[in-house]
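Peer 1: Can you read through this structure? Questions will come right after.
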Amino acid sequence: MAPSPMACVAPPAQQMSAFDEHLDSNGILLKQKTNECCRCFVCQPNIHWTIAHQVPRGAEIDFDQLQEGEFWIQEDAGYCGRAWSCWAPGCRATTYRTLDRREWEDEHGTAPDSKSVLTHRKNQTCGQNVIVGCSEDGAVRCPMCCCLPYMDSFDANGTKLGRTQYMCDLHLFVPKFKVLDAQNNLMYMIRPNTCFGGCCVQCKFDGVKGKCFRVPFYIRDPETMEAHDGGEAAITDLWAGFKNECCFKKNVYSVNWPDKSNRAMRSTLIGSALLIDAALFEQEGQ
């Protein structure tokens, strides 16, 4: 008996989601959405972001000209944690939900029923430093070496993908992070280049506009500490323009994945960028 024609029909191919397309690209841009012009010490809002497409290598990056991405990262942190962040950067318990921006807009800014495609979460920790006094030159900060900030990353089903952990070693003034997979295997180290025997961070000045002054946090092999892909794989705080940097306190980050990384690690590296912002750059000027 001849088989039914229906039995010969192959199942439809699974359609790639828009978020997977971001993960399968060379990288993304994280553009801060929240205006912090009125932020002062305890008056810190939740900080939201959009995920935009990465620009071609060598192209200029203008914060105000970047198109809004399809996905919105919504922060949900308690008031007390946000209030203490200026004294201990990176300390607060927080959750970042990655949502479809169109669903967010349909819900008029709350999106209570929107399903997260990616979630990053941390509990209360110490900050990466803490204010221990004040002088005529401003706050006196002391680096912390225990209970340091971290960020766990989860997929849409709540399955853990990996963790980013702030690290402490003898070079206290060079920030560094380790990236673990879901089984706690060390996958990457994230650290800028250094000078003066590894004691100071080395900046770059070889670009234009958003790339004119930057500190790339290179994604490195944990054994050799060599930067992946010749230094192309990095998380970089870009110059957002005078108005955004000084008045609105908005940041923009370029996140370039290592070529051989999988989607789970690329999702975790988005959490790495959020942790770098919360622990290092969010409180600039405070």
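Here, A, B, ... name the chains of the structure tokens in the order displayed, residue numbers run from 1 inside each chain, and ligands are numbered from 1 in the same displayed order.
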Using DSSP on the backbone coordinates, identify all residues within segment 43-254 of chain A classified as strand (DSSP E); present the result as a PyMOL selection string.
Peer 2: chain A and resi 49-53+71-77+94-100+118-122+129-135+138-143+150-155+160-166+177-181+186-191+194-195+200-201+215-220+234-238+252-254
Peer 1: Need to verify the contact set: Ser267 of chain A, 9 Å, only C-alpha atoms, exclusion of same-chain residues closer than 4 positions in sequence. Can you return it as a PDB file with C-alpha atoms, in the first residue's frame?
Peer 2:
```
ATOM      1  CA  LEU A  23      22.599  36.770  19.011  1.00  0.00           C
ATOM      2  CA  LEU A 118      16.089  36.958  28.552  1.00  0.00           C
ATOM      3  CA  SER A 153      21.496  35.193  33.166  1.00  0.00           C
ATOM      4  CA  PHE A 154      18.403  33.086  32.370  1.00  0.00           C
ATOM      5  CA  ASP A 155      16.565  32.214  29.163  1.00  0.00           C
ATOM      6  CA  LEU A 161      22.667  30.305  31.042  1.00  0.00           C
ATOM      7  CA  GLY A 162      25.682  31.643  32.919  1.00  0.00           C
ATOM      8  CA  ASN A 262      27.208  30.092  21.445  1.00  0.00           C
ATOM      9  CA  ARG A 263      23.889  31.813  22.103  1.00  0.00           C
ATOM     10  CA  GLY A 271      24.462  40.567  31.415  1.00  0.00           C
ATOM     11  CA  SER A 272      28.203  41.240  31.615  1.00  0.00           C
TER      12      SER A 272
END
```
Peer 1: Just the number, please: distance in Å from atom CA of Tyr150 of chain A to atom CA of Gln165 of chain A, one decimal.
Peer 2: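 Pair atom CA of Tyr150 of chain A / atom CA of Gln165 of chain A returns 4.2 Å.
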Peer 1: Give me the residues within 10 Å of Arg92 of chain A as a list of chain:residue names, counting only C-alpha atoms and dropping any in the same chain fewer than 4 places off.
Peer 2: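 So the residues in contact are A:Ala77, A:Gly78, A:Tyr79, A:Cys80, A:Gly81, A:Arg82, A:Ala83, A:Trp84, A:Ser85, A:Ala88, A:Lys122, A:Asn123, A:Gln124, A:Thr125, A:Cys126, A:Gly127, A:Pro149, A:Ala278, A:Ala279.
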Peer 1: Print the selection's residues with N, CA and C atoms to a file, as a CSV table (one decimal), in the first residue's frame.
Peer 2:
```
chain,number,residue,atom,x,y,z
A,77,ALA,N,14.4,47.3,40.3
A,77,ALA,CA,15.2,47.3,41.5
A,77,ALA,C,14.4,48.1,42.6
A,78,GLY,N,14.5,47.7,43.8
A,78,GLY,CA,13.9,48.4,44.9
A,78,GLY,C,14.5,49.8,45.2
A,79,TYR,N,13.7,50.7,45.8
A,79,TYR,CA,14.2,52.0,46.0
A,79,TYR,C,15.4,52.1,46.9
A,80,CYS,N,15.5,51.3,48.0
A,80,CYS,CA,16.6,51.4,48.9
A,80,CYS,C,17.9,50.9,48.2
A,81,GLY,N,17.8,49.9,47.4
A,81,GLY,CA,19.0,49.4,46.6
A,81,GLY,C,19.5,50.5,45.7
A,82,ARG,N,18.6,51.2,45.0
A,82,ARG,CA,19.0,52.2,44.1
A,82,ARG,C,19.6,53.4,44.9
A,83,ALA,N,19.0,53.7,46.0
A,83,ALA,CA,19.5,54.8,46.8
A,83,ALA,C,20.9,54.6,47.3
A,84,TRP,N,21.2,53.4,47.6
A,84,TRP,CA,22.6,53.1,48.2
A,84,TRP,C,23.6,52.9,47.1
A,85,SER,N,23.2,52.8,45.8
A,85,SER,CA,24.1,52.5,44.7
A,85,SER,C,25.2,53.6,44.6
A,88,ALA,N,27.8,52.5,47.2
A,88,ALA,CA,28.5,51.2,46.9
A,88,ALA,C,28.0,50.7,45.5
A,122,LYS,N,20.5,39.7,40.0
A,122,LYS,CA,21.5,39.6,41.1
A,122,LYS,C,20.8,39.9,42.4
A,123,ASN,N,21.3,39.4,43.5
A,123,ASN,CA,20.9,39.7,44.8
A,123,ASN,C,21.7,40.8,45.4
A,124,GLN,N,21.4,41.2,46.6
A,124,GLN,CA,22.2,42.2,47.3
A,124,GLN,C,23.6,41.7,47.6
A,125,THR,N,24.6,42.6,47.2
A,125,THR,CA,26.0,42.3,47.5
A,125,THR,C,26.7,43.5,48.0
A,126,CYS,N,28.0,43.4,48.3
A,126,CYS,CA,28.8,44.6,48.5
A,126,CYS,C,28.9,45.3,47.1
A,127,GLY,N,29.3,46.5,47.2
A,127,GLY,CA,29.6,47.2,45.9
A,127,GLY,C,31.1,46.9,45.5
A,149,PRO,N,29.9,42.1,43.4
A,149,PRO,CA,28.7,42.1,42.5
A,149,PRO,C,28.9,40.9,41.4
A,278,ALA,N,26.6,48.9,35.9
A,278,ALA,CA,26.2,49.1,37.2
A,278,ALA,C,27.3,49.3,38.2
A,279,ALA,N,28.4,48.5,38.0
A,279,ALA,CA,29.5,48.5,39.0
A,279,ALA,C,30.5,49.6,38.7
```
Peer 1: State, in Å with one decimal place, the distance from atom CA of Arg266 of chain A to atom CA of Met167 of chain A.
Peer 2: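 Atom-to-atom, atom CA of Arg266 of chain A to atom CA of Met167 of chain A, that is 20.1 Å.
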Peer 1: So the first atom is atom CA of Ala233 of chain A and the second is atom CA of Tyr253 of chain A; what is the distance between them in Å, to one decimal place?
Peer 2: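 Result for atom CA of Ala233 of chain A versus atom CA of Tyr253 of chain A: 12.8 Å, one decimal.
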Peer 1: Calculated over only C-alpha atoms, which of the candidates A:Gly27, A:Pro143, A:Pro175, A:Gly231 has the smallest distance to Ile131 of chain A?
Peer 2: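 The shortest atom-to-atom distance to Ile131 of chain A comes from A:Pro143.
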Peer 1: Give me, as a short mmCIF file (atom, residue, chain, number, x, y, z; two decimals) with C-alpha atoms, in the first residue's frame, the residues of segment 37-259 of chain A that a backbone DSSP run labels alpha helix (DSSP H).
Peer 2:
```
data_model
loop_
_atom_site.label_atom_id
_atom_site.label_comp_id
_atom_site.auth_asym_id
_atom_site.auth_seq_id
_atom_site.Cartn_x
_atom_site.Cartn_y
_atom_site.Cartn_z
CA TYR A 79 14.20 52.03 46.03
CA CYS A 80 16.61 51.35 48.89
CA GLY A 81 19.00 49.43 46.64
CA ARG A 82 18.99 52.23 44.08
CA ALA A 83 19.45 54.82 46.82
CA TRP A 84 22.57 53.06 48.15
CA ARG A 101 9.66 46.75 22.58
CA ARG A 102 6.33 46.65 20.74
CA GLU A 103 4.75 44.70 23.62
CA TRP A 104 6.17 47.22 26.08
CA GLU A 105 4.62 50.12 24.19
CA ASP A 106 1.28 48.31 23.92
CA PHE A 242 28.56 65.88 25.55
#
```
Peer 1: Which one is closest to Tyr218 of chain A: A:Trp257, A:Trp87, A:Phe196, A:Phe281? Count only C-alpha atoms.
Peer 2: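 Ranking A:Trp257, A:Trp87, A:Phe196, A:Phe281 by distance to Tyr218 of chain A, first place goes to A:Trp257.
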